[in-house]
Every structure is written in structure tokens, then in C-alpha cells.
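Novice: I'd like to ask you about the structure that follows.
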Amino acid sequence: MLLRILKKPPQHLRNSVNILAQRRKLSFGRFNYGAKSNRLLYYLIGGNIAGYILYENDPYNTMKHASVSSAGIYKSLRLHTLVSSLFVHTDIMSLVLSSIGVAFMVPSVVSILGTSRFMFLYFGGGIAGNVLHASMPLLTNGRVSDSRNFGSIGPLTSLFAWFAFTYPTLTVQIFGIVPVPAGLLGLAYTGHEFYKLMHYGVQSDSGSSIGTALYGVIFSILTRRF
């Protein structure tokens with residue numbers, strides 16, 4: 001099943017990628033990629049809104065049952081939190097920024113990958129970040145304390161890591177205004193994470209940041225190979 005998902009995309013998708021490569025730019029935020037990608041976009045934004053409403057109405061139980069933690073995953077086996085945490089927001093600004101990111105990135109990536117492989121990238125990246133976050137106290141022998149995490153930004157990190165590694169020379173027009181090479185943005189993110197590691201050491205959010213980005217890079221390699 002996984003190999004079938006990761007095999008080369010259909011001809012019409014490869015043609016879309018060739019056209020993008022010829023134009024040397026991709027504008028996030030155009031919504032003319034078809035009804036299927038738009039429906040997926042609405043579902044994801046709706047899930048984020050529902051997660052925010054859930055937290056606002058019952059923050060204690062939402063934090064307890066929907067967030068990711070080392071104890072929750074490895075002791076209580078609350079594996080559903082690997083997915084539920086991807087939609088929960090603790091403040092309105094987090095919801096707005098995530099929704100903007102989804103709106104500007106999802107249609108473009110779906111138009112290239114197709115729905116099935118996009119789902120593997122989006123949810124797989126978020127889950128990978130959550131697993132590594134929950135594993136940090138174990139991997140560091142307790143130097144990083146256990147903490148609860150909502151990984152709503154994780155899938156977006158994986159989407160961009162995949163794009164930057166696959167098409168580093170393409171120009172990304174952020175919000176349709178600022179043109180920046182995708183690879184340059186990827187290097188800037190990597191440099192920022194290394195700076196944090198060098199100056200502050202391994203933090204509670206290091207696992208999720210590294211895990212989501214690394215998943216996007218690995219997914220790019222696999223989709224190229226298969």
C-alpha cells in the first residue's frame with residue numbers, strides 16, 4: 001500500500017510539476033486547483049476551528065486528553081493524541097496563523113502530490129513530530145522534562161520541508177507578495193533550529209521541530225525514488 005502511494009504520480013501531475021519548474025515560481029494561495037483540494041482545505045481548517053472551540057470550552061480536559069506527552073504515549077497509551085493534538089489551538093493567534101498556512105499551502109501541494117500522498121505527508125509529518133516530542137525525555141535520559149504539546153504547526157512544517165527539499169530553486173511568493181527561493185527559506189529554518197540547539201541546548205520543543213522537518217525531507221527522497 002505504501003509503495004503504491006509513493007510511486008511516481010500520474011502523468012497529469014508530472015506535467016503540472018514540469019510547468020511549475022519552467023515558470024520557476026509557485027504562488028501559495030491560489031484556490032483554482034479543483035473541488036477536491038478545496039474540500040480538503042475546508043475540512044482541515046474546520047478541524048482546526050473545532051479544536052480551538054473545544055479547548056476554549058474545556059481547556060483542562062482538552063489538555064489532558066488531546067495533547068501529546070511522553071507519559072501519555074508510553075505509559076497511558078493514549079495513541080489517539082498523536083492525531084488529535086494536530087488540531088487543537090490554545091489561543092486565537094495560533095488558530096489564525098495555522099489556518100492561513102493551510103489555506104496558502106495545501107492547494108498547491110495537493111495539486112502536485114495528489115490527495116493520497118498529501119495525506120501521508122501532512123498527517124505523517126505531524127505524527128512524526130509528536131512521536132519524537134514524546135520520546136525526548138527518554139532519549140535524553142530525563143534532561144528534557146516531559147511536557148504536553150499541541151502539534152498543530154507540525155504538518156505545515158513537513159509540507160514546507162518537503163517542498164523546499166524537492167524544489168529548492170523555485171520561488172515561493174509568500175502570501176503572493178514576497179518572492180523568496182524555497183531552498184533559502186529551508187536553510188533559514190535549519191539555521192534557526194541549529195542556533196537554538198547551540199545556544200539553548202535541547203528544549204522541550206526540539207523533538208517536534210526536528211521530527212516534522214526531517215519527515216518532510218525523507219518523504220521527498222522517497223517520492224523521488226519511487
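Here's how to read the names in the C-alpha cells: chain A, B, ... by the order shown, residue numbers from 1 in each chain, ligand numbers from 1 in the order shown.
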Would you pick out the contacts of stretch 41-58 of chain A at 10 Å or less, using only C-alpha atoms, so that residues sharing its chain but fewer than 4 positions from it are not included, and give the list as a CSV table (one decimal) with N, CA and C atoms, in the first residue's frame?
Specialist:
```csv
chain,number,residue,atom,x,y,z
A,31,PHE,N,-6.6,29.4,-5.3
A,31,PHE,CA,-7.6,28.4,-4.9
A,31,PHE,C,-8.2,27.7,-6.2
A,35,ALA,N,-12.2,21.1,-7.1
A,35,ALA,CA,-13.1,20.9,-6.0
A,35,ALA,C,-12.5,20.0,-4.9
A,36,LYS,N,-11.8,19.0,-5.3
A,36,LYS,CA,-11.2,18.0,-4.3
A,36,LYS,C,-10.3,18.7,-3.4
A,37,SER,N,-9.3,19.4,-3.9
A,37,SER,CA,-8.3,20.1,-3.0
A,37,SER,C,-9.0,21.1,-2.1
A,62,THR,N,-9.3,19.0,27.6
A,62,THR,CA,-8.7,19.0,26.3
A,62,THR,C,-7.2,18.9,26.4
A,63,MET,N,-6.6,19.6,27.3
A,63,MET,CA,-5.2,19.4,27.6
A,63,MET,C,-4.9,18.0,28.1
A,66,ALA,N,-6.2,15.4,24.8
A,66,ALA,CA,-5.8,15.7,23.4
A,66,ALA,C,-4.4,16.1,23.1
A,84,SER,N,-5.0,13.9,17.4
A,84,SER,CA,-5.9,14.9,18.0
A,84,SER,C,-5.2,16.2,18.3
A,85,SER,N,-3.9,16.1,18.7
A,85,SER,CA,-3.1,17.3,19.0
A,85,SER,C,-2.9,18.2,17.8
A,86,LEU,N,-3.0,17.6,16.6
A,86,LEU,CA,-2.7,18.4,15.4
A,86,LEU,C,-3.7,19.4,15.1
A,87,PHE,N,-4.9,19.4,15.8
A,87,PHE,CA,-6.0,20.3,15.5
A,87,PHE,C,-6.3,21.2,16.7
A,88,VAL,N,-5.6,21.1,17.8
A,88,VAL,CA,-6.0,21.9,19.0
A,88,VAL,C,-5.1,23.1,19.1
A,89,HIS,N,-5.8,24.3,19.3
A,89,HIS,CA,-5.1,25.5,19.5
A,89,HIS,C,-5.5,26.2,20.8
A,90,THR,N,-4.5,26.7,21.5
A,90,THR,CA,-4.7,27.3,22.8
A,90,THR,C,-5.0,28.8,22.8
A,91,ASP,N,-4.9,29.4,21.6
A,91,ASP,CA,-5.2,30.8,21.5
A,91,ASP,C,-5.6,31.1,20.1
A,92,ILE,N,-6.2,32.3,19.9
A,92,ILE,CA,-6.8,32.6,18.6
A,92,ILE,C,-5.7,32.9,17.6
A,94,SER,N,-2.7,31.4,17.3
A,94,SER,CA,-2.3,30.1,16.8
A,94,SER,C,-3.2,29.6,15.7
A,95,LEU,N,-4.5,29.7,16.0
A,95,LEU,CA,-5.6,29.3,15.0
A,95,LEU,C,-5.5,30.1,13.7
A,96,VAL,N,-5.4,31.4,13.8
A,96,VAL,CA,-5.3,32.2,12.6
A,96,VAL,C,-4.1,31.9,11.8
A,98,SER,N,-2.2,29.2,11.7
A,98,SER,CA,-2.3,27.8,11.2
A,98,SER,C,-3.3,27.8,10.0
A,99,SER,N,-4.4,28.4,10.2
A,99,SER,CA,-5.4,28.4,9.1
A,99,SER,C,-4.9,29.2,7.8
A,100,ILE,N,-4.1,30.2,8.0
A,100,ILE,CA,-3.5,30.9,6.9
A,100,ILE,C,-2.5,30.0,6.2
A,101,GLY,N,-1.7,29.3,7.0
A,101,GLY,CA,-0.7,28.4,6.4
A,101,GLY,C,-1.4,27.3,5.6
A,102,VAL,N,-2.5,26.7,6.2
A,102,VAL,CA,-3.2,25.7,5.5
A,102,VAL,C,-3.8,26.2,4.2
A,103,ALA,N,-4.4,27.4,4.3
A,103,ALA,CA,-5.1,28.0,3.1
A,103,ALA,C,-4.1,28.3,2.0
A,104,PHE,N,-2.9,28.7,2.3
A,104,PHE,CA,-1.9,29.1,1.3
A,104,PHE,C,-1.1,27.9,0.8
A,105,MET,N,-0.9,26.9,1.6
A,105,MET,CA,0.0,25.8,1.2
A,105,MET,C,-0.7,24.6,0.6
A,106,VAL,N,-1.8,24.2,1.3
A,106,VAL,CA,-2.5,22.9,0.9
A,106,VAL,C,-2.9,22.8,-0.5
A,107,PRO,N,-3.6,23.7,-1.1
A,107,PRO,CA,-4.0,23.6,-2.5
A,107,PRO,C,-2.8,23.3,-3.5
A,110,VAL,N,-1.3,19.7,-2.8
A,110,VAL,CA,-2.2,18.7,-3.3
A,110,VAL,C,-2.2,18.6,-4.9
A,152,SER,N,0.0,21.5,16.2
A,152,SER,CA,-0.8,22.0,15.0
A,152,SER,C,0.1,22.6,13.9
```
Novice: Any chance you could list, as a ChimeraX atom specification, the residues in stretch 62-196 of chain A that come up strand (DSSP E or B) when DSSP is run on the backbone?
Specialist: /A:68,149,171-174,178-181
Novice: Residues as selected, N, CA, C and O atoms, written as a PDB file, in the first residue's frame, can you do that?
Specialist:
```
ATOM      1  N   VAL A  68      -0.137  15.783  23.456  1.00  0.00           N
ATOM      2  CA  VAL A  68       0.861  14.715  23.413  1.00  0.00           C
ATOM      3  C   VAL A  68       1.875  14.907  24.541  1.00  0.00           C
ATOM      4  O   VAL A  68       2.362  16.012  24.768  1.00  0.00           O
ATOM      5  N   ASN A 149       2.142  18.798  24.546  1.00  0.00           N
ATOM      6  CA  ASN A 149       2.374  19.531  23.304  1.00  0.00           C
ATOM      7  C   ASN A 149       1.161  19.435  22.391  1.00  0.00           C
ATOM      8  O   ASN A 149       0.534  18.385  22.272  1.00  0.00           O
ATOM      9  N   THR A 171      10.746  29.768  -6.787  1.00  0.00           N
ATOM     10  CA  THR A 171      10.475  30.959  -5.995  1.00  0.00           C
ATOM     11  C   THR A 171       9.103  30.845  -5.346  1.00  0.00           C
ATOM     12  O   THR A 171       8.100  30.659  -6.025  1.00  0.00           O
ATOM     13  N   VAL A 172       9.087  30.954  -4.039  1.00  0.00           N
ATOM     14  CA  VAL A 172       7.838  30.945  -3.288  1.00  0.00           C
ATOM     15  C   VAL A 172       7.415  32.383  -3.052  1.00  0.00           C
ATOM     16  O   VAL A 172       8.169  33.170  -2.493  1.00  0.00           O
ATOM     17  N   GLN A 173       6.227  32.718  -3.513  1.00  0.00           N
ATOM     18  CA  GLN A 173       5.705  34.053  -3.266  1.00  0.00           C
ATOM     19  C   GLN A 173       4.851  33.994  -2.013  1.00  0.00           C
ATOM     20  O   GLN A 173       3.691  33.607  -2.051  1.00  0.00           O
ATOM     21  N   ILE A 174       5.444  34.375  -0.902  1.00  0.00           N
ATOM     22  CA  ILE A 174       4.769  34.282   0.386  1.00  0.00           C
ATOM     23  C   ILE A 174       3.602  35.255   0.412  1.00  0.00           C
ATOM     24  O   ILE A 174       3.771  36.460   0.223  1.00  0.00           O
ATOM     25  N   VAL A 178       5.921  38.482  -1.348  1.00  0.00           N
ATOM     26  CA  VAL A 178       7.381  38.459  -1.189  1.00  0.00           C
ATOM     27  C   VAL A 178       7.957  37.222  -1.880  1.00  0.00           C
ATOM     28  O   VAL A 178       7.702  36.088  -1.460  1.00  0.00           O
ATOM     29  N   PRO A 179       8.752  37.392  -2.956  1.00  0.00           N
ATOM     30  CA  PRO A 179       9.359  36.240  -3.640  1.00  0.00           C
ATOM     31  C   PRO A 179      10.663  35.812  -2.973  1.00  0.00           C
ATOM     32  O   PRO A 179      11.592  36.610  -2.809  1.00  0.00           O
ATOM     33  N   VAL A 180      10.733  34.551  -2.575  1.00  0.00           N
ATOM     34  CA  VAL A 180      11.922  34.005  -1.915  1.00  0.00           C
ATOM     35  C   VAL A 180      12.150  32.586  -2.429  1.00  0.00           C
ATOM     36  O   VAL A 180      11.194  31.808  -2.539  1.00  0.00           O
ATOM     37  N   PRO A 181      13.401  32.208  -2.774  1.00  0.00           N
ATOM     38  CA  PRO A 181      13.673  30.815  -3.159  1.00  0.00           C
ATOM     39  C   PRO A 181      13.329  29.862  -2.024  1.00  0.00           C
ATOM     40  O   PRO A 181      13.684  30.102  -0.865  1.00  0.00           O
TER      41      PRO A 181
END
```
Novice: How far is it from atom CA of A:Ser206 to atom CA of A:His133, in Å with one decimal?
Specialist: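 Computing the Euclidean distance for atom CA of A:Ser206 and atom CA of A:His133 yields 7.2 Å.
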Novice: At a cut-off of 9 Å, using only C-alpha atoms, what residues contact A:Gly216? Leave out same-chain residues fewer than 2 positions from it and give the result as a ChimeraX atom specification.
Specialist: /A:121-122,124-125,155,157-163,165,211-214,218-221
